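Engineer: The structure follows.
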Amino acid sequence: MVAIAAPAFGGGPADRARLDAERAAALETRGPPVRCLMVGEARESRLLSPQLVLVRRGANQWFRSRLQSACPWASPARFIAYRTTTGLVCQGDSFDVVDPASRIRFGPCVLGEFEPVDAPEGRSARR
């Protein structure tokens, strides 16, 4: 298993997390969804809600995955540990949710397809 991201907001207030999840759900798609992403190219994964994950690939390419079912352990204050042995993370693959303080693993949760989306507000690449 590979953990590739730290908590997105360090356990910010619930209102901020809800707003971020709503904004991510509303992001415009930028092309057809893809089934798999290479884990080594993923620079950041964010659990925004029990049904939504954002993944950043490279400098500023973002993908939204709507989970196949609600992941009750998901929280912006926790991070993802992908379960992969192939170097790819794909639609239908499971992951664990990890609490950074206790290192307790919760899961599994199951990924949906990856939709390319606009960069989330405040997350565009710096030049």
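Ligands are numbered from 1 in the order shown, residues from 1 within each chain, and chains are lettered A, B, ... in the order they appear in the structure tokens.
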Could you pull out the strand (DSSP E) residues of segment 4-124 of chain A from DSSP and send them as a PyMOL selection string?
Structural biologist: chain A and resi 36-38+42-49+52-57+61-66+79-82+88-90+94-98+105-110+114-117
Engineer: Within 9 Å of Asp96 of chain A, counting only C-alpha atoms, which residues show up once you throw out same-chain ones fewer than 3 positions away? Write them as a list of chain:residue names, please.
Structural biologist: A:Met1, A:Phe79, A:Ile80, A:Ala81, A:Tyr82, A:Arg83, A:Arg105, A:Phe106, A:Gly107, A:Pro108, A:Cys109
Engineer: Given the choices A:Gly40, A:Leu48, A:Glu115, A:Arg35, which gets closest to Arg23 of chain A if the distance is worked out from only C-alpha atoms?
Structural biologist: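 Comparing A:Gly40, A:Leu48, A:Glu115, A:Arg35 against Arg23 of chain A, the winner is A:Leu48.
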Engineer: Between A:Thr86, A:Ser45, A:Gln51, A:Ser75, which one has atoms that come closest to Val110 of chain A, using only C-alpha atoms?
Structural biologist: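 Using only C-alpha atoms, the shortest distance to Val110 of chain A belongs to A:Gln51.
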Engineer: Give the answer as one residue: which of A:Pro100, A:Pro116, A:Pro72, A:Pro50 has the shortest atom-to-atom distance to Leu37 of chain A, using only C-alpha atoms?
Structural biologist: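 Looking at the shortest contact to Leu37 of chain A, the residue is A:Pro116.
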Engineer: What's around segment 26-31 of chain A at 9 Å? Count only C-alpha atoms, leave out sequence neighbours fewer than 3 positions away in its own chain, and write the answer as a VMD selection string.
Structural biologist: chain A and resid 21 to 23 63 to 64 115 to 120
Engineer: Take the residues just selected and output them with C-alpha atoms as a PDB file, in the first residue's frame.
Structural biologist:
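And here is the file that came out, result-v3.pdb:
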ATOM      1  CA  ALA A  21     -16.514  19.468  -1.203  1.00  0.00           C
ATOM      2  CA  GLU A  22     -19.352  21.453  -2.790  1.00  0.00           C
ATOM      3  CA  ARG A  23     -16.905  23.415  -4.951  1.00  0.00           C
ATOM      4  CA  PHE A  63      -9.094  14.568 -11.328  1.00  0.00           C
ATOM      5  CA  ARG A  64     -12.292  14.039  -9.368  1.00  0.00           C
ATOM      6  CA  GLU A 115     -12.869  12.850 -14.266  1.00  0.00           C
ATOM      7  CA  PRO A 116     -10.379  15.520 -15.404  1.00  0.00           C
ATOM      8  CA  VAL A 117     -11.548  18.816 -13.901  1.00  0.00           C
ATOM      9  CA  ASP A 118     -10.561  22.465 -13.649  1.00  0.00           C
ATOM     10  CA  ALA A 119      -8.093  23.291 -10.878  1.00  0.00           C
ATOM     11  CA  PRO A 120      -9.885  23.851  -7.561  1.00  0.00           C
TER      12      PRO A 120
END
Engineer: Near Ser65 of chain A, counting only C-alpha atoms, which residues have an atom at most 9 Å away, once you skip same-chain residues fewer than 5 positions from it, shown as a list in words?
Structural biologist: Gln51, Leu52, Val53, Leu54, Val55, Gln91, Leu111, Gly112, Glu113, Phe114 and Glu115 of chain A
Engineer: Report the distance between atom CA of Ser49 of chain A and atom CA of Pro76 of chain A in Å, rounded to one decimal place.
Structural biologist: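 Result for atom CA of Ser49 of chain A versus atom CA of Pro76 of chain A: 7.3 Å, one decimal.
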Engineer: Which one of A:Ala24, A:Ala59, A:Ala42, A:Leu47 sits closest to Phe95 of chain A if you count only C-alpha atoms?
Structural biologist: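 Distance minimum relative to Phe95 of chain A lands on A:Leu47.
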Engineer: Which is closer to Trp73 of chain A than all the others in A:Val39, A:Ala25, A:Leu88, A:Ile104, using only C-alpha atoms?
Structural biologist: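 Among the listed residues, the smallest separation from Trp73 of chain A belongs to A:Ile104.
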Engineer: I need the residue nearest Met38 of chain A from this list: A:Ala101, A:Gly58, A:Arg78, A:Cys71. Use only C-alpha atoms for the distance.
Structural biologist: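 So, comparing all the options, the nearest one is A:Gly58.
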Engineer: Record the distance separating atom CA of Gly92 of chain A and atom CA of Leu67 of chain A, expressed in Å with one decimal.
Structural biologist: 8.8 Å
Engineer: Skip Arg57 of chain A itself and residues of its chain fewer than 2 positions away, then list as JSON, numbers by chain all residues within 6 Å of it, counting only C-alpha atoms.
Structural biologist: {"A": [41, 42, 43, 61]}
Engineer: Using Å and a single decimal, report how far atom CA of Ser94 of chain A sits from atom CA of Ala74 of chain A.
Structural biologist: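 If I compute the distance from atom CA of Ala74 of chain A to atom CA of Ser94 of chain A, I get 13.1 Å.
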